[in-house]
Amino acid sequence: MVSKTLAYWIICTLVISAILACSLATKQSNEGNVPEVLKGVKAKTFSSYDELKEYIIESIKLSKVMSKIGLVIAPSPARVFLPEITPMPTPIPSPVPLTPAPEFVATLESTLKATYGTASRSYSKTNIQVEGVNEADIVKTDGKYLYVASGDKVYIVKAYPPENATMIAKIEEGPVLGLFVKDGRLVAITARKPIVKPILPQPLPSIIPEKSLIYPVEGLVSVIVYDIENPREPTVFQEINVTGYYVTSRLVDNYCYIIVSFPALIIEDRVPLPLVNSKPVEPNEIKYFEKDFSYAFTVIIAVNVETGEFRKETFLTGASNYIYMTHKNLYVLSRKQLNIYVVLDEIVDSIVEKAPDDVKEAIEDIRSKSINEIEKYKLIMEVLEQYFNKLPHDEREKIFNNVLKEVYKLWKEETVIYKFAIDGLNITASAKGVVPGRVLDQFSMDEHGDYFRVATTLTKFSMEEPLTWVNNVYVLDMNLTIVGSIEGLAKGERIYAARYMGDKMFLVTFRRVDPLFAIDLSDPRNPKVLGELKIPGYSEYLHPFLDKYLIGVGMDIDEETNRVKGLKVALFDISNVTSPKEVSSITFKGHLYSPVLHDHKAFMINMDKQYFAIPVSGSKSGVYIVDIVMTEPENIKLSVRGFIQHHEAQRTLYIEDYVYTESYDLVKIVDEELNPVSEIKLI
């Protein structure tokens, strides 16, 4: 009982003291707000740097308040319930220096063919999410050359014919995160690693005051366009430098879009602005949507790789976690933060509800005063403190429980969706919406017709029940208003994979078994679950094959012990969506990890020859080649053709009848029978 009393008072004291420490002068004005959905309304801009600085400083200080509340409102450990721990994917054996930012950048080939190329030569392309919306990767090919990003270098390898394969050029630029190749142009996206350093007064005092240590974080993203008409002598055609952290990028026709996030920080009473080619973005060029409590500068660079012309747009959004893009729209998702004033009002109301009339009148009198919010809460707390300290322990116990109940009601997990219209170099904010829960990755999202669909996992908080997960699917119109939903799927489990195929969606959740849900989205206002398949283990990546199959890559799990048995690939028949079934599977035993589990671009499929490749590392390192064997229309199975030994292989490609595997220091070429043909060392 005493601990709850103390906890209650800690809640109130820390919340209010944290707000008072912010020294804010004004409450959010109505002028700073915009509707949750922007129906063609332009995003607002700042008139001056001082206005921008005040806006950001208020946001940052309030976000610190929110984090403090989050630390103190939780019940004591004895009251916390946790869901059953689910096995996580096999960890990466060792960090690799060049894997693109997590994310940040998961994609897929939504078309049923990953084989594109010239009429005379077939070759693989990057496994992407939306047809015609290309994504950066660490290896690209045009059917004759390979372009390989490794560490701080880009290697150009003459790859075909394989018996004459050799490295013909090397570019040294800095840590390379991804590449694009388009009509005689090579786009390299590089990023200097963040530098964390203290700013100290000069000259240095013998004892450095703690408050003088401010730690800015620096990062620089460079977009370098090369002319590779002569691949032996690539030349720089255009270079754009942006301060911040690389989020992701896309290429549509000749236009490359690069998203960079620059943190909103306070450094020595300054708010640093992102720099583009060493020039700060002008405050009146920075657009915002509404007051929030956590911000980042999202810089979107659009560059025409043919002409070199580029434009920039900068928006204040939440930290950009996941991106989805079509030919016309870009969606940026971030976590939504709570409104601190709403939380405080509910806490105060829950305390005052059963207080004596004189306390209620005193609180109402304070609330009616024409003073700023900080002063109001300071006075309110003085009144509540006198009232609270006179109460017996059992009354404090009741108040504490009421406070917790109100906080649990308010503590929502939500995702903000920002929508931008894309047209060549033009980028325009067009809508904003909110959905409950959080997304797993970009495969959780899809645009189809005039609707945006998204799958989320929601953490449910309650004093009466254990903390648990539920899963939801939402359909939104082009104004990002929710028009249809399925909520409460697979309670106690979370989403592991999602795949949209036109009007159908396939969703994998997991705890002990792997439910594969088939969902009908043909009626946007009435989505519904059509069928469900439960099997041990789980898939973390789903890839469509023809019109009636899904390939799943994940882990096989022992139902009794819940232990991982090995890496699993499975083939699902989804021709009858009311009753999906697993028709074939292979489990690779041992402690194995595949980059496919977290980066779909590591998955390669040859639709003409009907085989796919799975790179692995751990107890063995290399690439499995798996054939999809169809003896007759209704008889299909997976069969392992063989294993290509290649230490730390990350990607697999093909050109004609040859398979190319790539790691950070080697390109290996084998024929269709997996016999070695050639090796090219990347040095």
# chains A, B, ... in the order shown; residues from 1 in each chain; ligands from 1
$ select_by_dssp --residues "range 366-538 of chain A" --states "strand (DSSP E or B)" --output "VMD selection string"
chain A and resid 414 to 423 426 to 436 438 445 to 448 451 to 460 468 to 477 482 to 489 494 to 501 504 to 510 513 to 520 528 to 536 538
$ residues_around --residues "Val407 in chain A" --least-positions-apart "3" --cutoff "8 Å" --atoms "only C-alpha atoms" --output "PyMOL selection string"
chain A and resi 73+343+346-347+403-404+410-411
$ residues_around --residues "range 487-496 of chain A" --least-positions-apart "2" --cutoff "7 Å" --atoms "only C-alpha atoms" --output "number ranges by chain"
A: 83, 440, 457, 468-473, 485, 508-511, 539-540
$ write_last_selection --atoms "N, CA and C atoms" --output "mmCIF file, in the first residue's frame"
data_model
loop_
_atom_site.group_PDB
_atom_site.id
_atom_site.type_symbol
_atom_site.label_atom_id
_atom_site.label_comp_id
_atom_site.auth_asym_id
_atom_site.auth_seq_id
_atom_site.Cartn_x
_atom_site.Cartn_y
_atom_site.Cartn_z
ATOM 1 N N PRO A 83 3.468 -11.170 -22.286
ATOM 2 C CA PRO A 83 3.054 -12.299 -23.119
ATOM 3 C C PRO A 83 4.145 -13.347 -23.152
ATOM 4 N N LEU A 440 5.252 -3.699 -39.166
ATOM 5 C CA LEU A 440 6.447 -4.535 -39.112
ATOM 6 C C LEU A 440 7.503 -4.024 -40.080
ATOM 7 N N THR A 457 0.472 -4.355 -35.677
ATOM 8 C CA THR A 457 0.388 -5.090 -34.415
ATOM 9 C C THR A 457 0.213 -4.069 -33.303
ATOM 10 N N THR A 468 -0.635 -7.824 -23.885
ATOM 11 C CA THR A 468 -0.705 -8.773 -25.001
ATOM 12 C C THR A 468 -0.713 -8.028 -26.321
ATOM 13 N N TRP A 469 -0.637 -8.791 -27.426
ATOM 14 C CA TRP A 469 -0.673 -8.232 -28.770
ATOM 15 C C TRP A 469 -1.968 -8.627 -29.471
ATOM 16 N N VAL A 470 -2.426 -7.760 -30.349
ATOM 17 C CA VAL A 470 -3.465 -8.104 -31.320
ATOM 18 C C VAL A 470 -3.035 -7.509 -32.652
ATOM 19 N N ASN A 471 -3.590 -8.021 -33.734
ATOM 20 C CA ASN A 471 -3.180 -7.608 -35.069
ATOM 21 C C ASN A 471 -4.378 -7.085 -35.850
ATOM 22 N N ASN A 472 -4.125 -6.068 -36.655
ATOM 23 C CA ASN A 472 -5.206 -5.381 -37.351
ATOM 24 C C ASN A 472 -4.846 -5.132 -38.810
ATOM 25 N N VAL A 473 -5.872 -5.024 -39.627
ATOM 26 C CA VAL A 473 -5.705 -4.634 -41.029
ATOM 27 C C VAL A 473 -6.647 -3.459 -41.279
ATOM 28 N N SER A 485 -11.848 -2.113 -41.798
ATOM 29 C CA SER A 485 -10.836 -2.684 -40.908
ATOM 30 C C SER A 485 -11.200 -4.091 -40.467
ATOM 31 N N VAL A 508 1.061 -13.438 -41.933
ATOM 32 C CA VAL A 508 1.628 -14.453 -41.045
ATOM 33 C C VAL A 508 1.777 -13.860 -39.653
ATOM 34 N N THR A 509 1.195 -14.522 -38.644
ATOM 35 C CA THR A 509 1.443 -14.174 -37.244
ATOM 36 C C THR A 509 2.072 -15.391 -36.581
ATOM 37 N N PHE A 510 2.599 -15.205 -35.369
ATOM 38 C CA PHE A 510 3.288 -16.346 -34.759
ATOM 39 C C PHE A 510 3.376 -16.207 -33.250
ATOM 40 N N ARG A 511 3.248 -17.355 -32.567
ATOM 41 C CA ARG A 511 3.670 -17.530 -31.186
ATOM 42 C C ARG A 511 4.253 -18.935 -31.043
ATOM 43 N N SER A 539 6.973 -17.888 -41.208
ATOM 44 C CA SER A 539 7.623 -17.308 -42.384
ATOM 45 C C SER A 539 7.854 -15.829 -42.116
ATOM 46 N N GLU A 540 9.023 -15.342 -42.530
ATOM 47 C CA GLU A 540 9.322 -13.915 -42.384
ATOM 48 C C GLU A 540 9.367 -13.207 -43.728
#
$ closest_atom_pairs --of "range 238-287 of chain A" --to "range 300-313 of chain A" --cutoff "7 Å" --atoms "only C-alpha atoms" --output "CSV"
residue,atom,partner,partner_atom,distance
A:Gln238,CA,A:Gly308,CA,5.7
A:Asn254,CA,A:Asn304,CA,5.6
A:Tyr255,CA,A:Asn304,CA,4.6
A:Cys256,CA,A:Val303,CA,5.3
A:Tyr257,CA,A:Ala302,CA,4.6
A:Ile258,CA,A:Ile301,CA,5.1
A:Ile259,CA,A:Ile300,CA,4.7
A:Val260,CA,A:Ile300,CA,6.4
$ write_last_selection --atoms "N, CA and C atoms" --output "PDB file, in the first residue's frame"
ATOM      1  N   GLN A 238      27.022  14.102 -61.284  1.00  0.00           N
ATOM      2  CA  GLN A 238      26.318  14.960 -60.325  1.00  0.00           C
ATOM      3  C   GLN A 238      26.588  14.431 -58.926  1.00  0.00           C
ATOM      4  N   ASN A 254      13.373   7.961 -64.788  1.00  0.00           N
ATOM      5  CA  ASN A 254      14.687   8.598 -64.656  1.00  0.00           C
ATOM      6  C   ASN A 254      14.858   9.353 -63.348  1.00  0.00           C
ATOM      7  N   TYR A 255      13.887   9.247 -62.445  1.00  0.00           N
ATOM      8  CA  TYR A 255      13.916  10.058 -61.235  1.00  0.00           C
ATOM      9  C   TYR A 255      14.251   9.206 -60.014  1.00  0.00           C
ATOM     10  N   CYS A 256      15.275   9.645 -59.318  1.00  0.00           N
ATOM     11  CA  CYS A 256      15.702   8.954 -58.103  1.00  0.00           C
ATOM     12  C   CYS A 256      15.272   9.782 -56.898  1.00  0.00           C
ATOM     13  N   TYR A 257      14.658   9.130 -55.907  1.00  0.00           N
ATOM     14  CA  TYR A 257      14.178   9.797 -54.701  1.00  0.00           C
ATOM     15  C   TYR A 257      14.941   9.242 -53.504  1.00  0.00           C
ATOM     16  N   ILE A 258      15.565  10.126 -52.746  1.00  0.00           N
ATOM     17  CA  ILE A 258      16.369   9.721 -51.602  1.00  0.00           C
ATOM     18  C   ILE A 258      15.788  10.380 -50.360  1.00  0.00           C
ATOM     19  N   ILE A 259      15.504   9.590 -49.327  1.00  0.00           N
ATOM     20  CA  ILE A 259      14.927  10.113 -48.090  1.00  0.00           C
ATOM     21  C   ILE A 259      16.001  10.098 -47.014  1.00  0.00           C
ATOM     22  N   VAL A 260      16.224  11.255 -46.398  1.00  0.00           N
ATOM     23  CA  VAL A 260      17.235  11.422 -45.355  1.00  0.00           C
ATOM     24  C   VAL A 260      16.554  11.992 -44.115  1.00  0.00           C
TER      25      VAL A 260
END
$ closest_residue --among "A:Thr587, A:Thr578, A:Gln610, A:Asn675" --to "Val553 in chain A" --atoms "only C-alpha atoms"
A:Thr587
$ residues_around --residues "Asp349 in chain A" --least-positions-apart "5" --cutoff "12 Å" --atoms "only C-alpha atoms" --output "PDB file with C-alpha atoms, in the first residue's frame"
ATOM      1  CA  VAL A 342      -4.337  15.624 -22.469  1.00  0.00           C
ATOM      2  CA  VAL A 343      -2.548  13.127 -20.207  1.00  0.00           C
ATOM      3  CA  LEU A 344      -2.153  15.654 -17.406  1.00  0.00           C
ATOM      4  CA  LYS A 354     -14.041  12.612  -5.645  1.00  0.00           C
ATOM      5  CA  ALA A 355     -12.337  15.571  -4.016  1.00  0.00           C
ATOM      6  CA  VAL A 359     -10.721  21.520  -3.901  1.00  0.00           C
ATOM      7  CA  LYS A 360     -12.780  21.280  -7.083  1.00  0.00           C
ATOM      8  CA  ILE A 363      -8.894  23.741  -9.435  1.00  0.00           C
ATOM      9  CA  GLU A 364     -11.573  25.226 -11.691  1.00  0.00           C
ATOM     10  CA  ARG A 367      -7.973  26.523 -14.937  1.00  0.00           C
ATOM     11  CA  ILE A 380      -2.980  22.921  -9.424  1.00  0.00           C
ATOM     12  CA  LEU A 384      -3.634  18.728  -4.895  1.00  0.00           C
ATOM     13  CA  ILE A 399      -6.640   7.462  -6.142  1.00  0.00           C
ATOM     14  CA  ASN A 402      -7.856   5.554 -10.670  1.00  0.00           C
ATOM     15  CA  VAL A 403      -4.825   7.379 -12.030  1.00  0.00           C
ATOM     16  CA  GLU A 406      -6.925   6.712 -16.812  1.00  0.00           C
ATOM     17  CA  VAL A 407      -3.327   6.504 -18.000  1.00  0.00           C
TER      18      VAL A 407
END
$ closest_residue --among "A:Arg453, A:Lys158, A:Lys432, A:Arg232" --to "Tyr324 in chain A" --atoms "only C-alpha atoms"
A:Arg453
$ residues_around --residues "range 657-668 of chain A" --least-positions-apart "4" --cutoff "6 Å" --atoms "only C-alpha atoms" --output "number ranges by chain"
A: 150, 648-653, 672, 679-682
$ atom_distance --atom1 "CA of Gly531 in chain A" --atom2 "CA of Leu597 in chain A"
24.6 Å
$ atom_distance --atom1 "CA of Pro436 in chain A" --atom2 "CA of Tyr331 in chain A"
16.4 Å
$ closest_residue --among "A:Lys409, A:Lys609, A:Lys601, A:Lys504" --to "Met630 in chain A" --atoms "only C-alpha atoms"
A:Lys609
$ residues_around --residues "Asn635 in chain A" --least-positions-apart "4" --cutoff "12 Å" --atoms "only C-alpha atoms" --output "compact mmCIF listing (two decimals) with N, CA and C atoms, in the first residue's frame"
# COMPACT_ATOMS: atom_id res chain seq x y z
N LEU A 571 6.27 -23.96 -49.62
CA LEU A 571 5.45 -23.58 -50.77
C LEU A 571 3.99 -23.76 -50.38
N ASP A 573 -0.07 -23.43 -51.40
CA ASP A 573 -1.08 -23.37 -52.45
C ASP A 573 -2.21 -22.46 -51.96
N VAL A 583 2.09 -27.25 -49.50
CA VAL A 583 2.22 -28.41 -50.39
C VAL A 583 3.63 -28.97 -50.40
N SER A 584 4.60 -28.20 -49.95
CA SER A 584 5.97 -28.70 -49.91
C SER A 584 6.80 -27.81 -49.01
N ILE A 628 11.79 -25.46 -58.18
CA ILE A 628 10.34 -25.65 -58.05
C ILE A 628 9.94 -26.64 -59.14
N VAL A 629 9.71 -27.85 -58.75
CA VAL A 629 9.51 -28.95 -59.70
C VAL A 629 8.01 -29.15 -59.93
N MET A 630 7.59 -29.01 -61.19
CA MET A 630 6.19 -29.21 -61.55
C MET A 630 6.12 -30.37 -62.54
N THR A 631 5.72 -31.54 -62.07
CA THR A 631 5.61 -32.71 -62.95
C THR A 631 4.28 -32.71 -63.70
$ atom_distance --atom1 "CA of Asn526 in chain A" --atom2 "CA of Ser334 in chain A"
26.2 Å
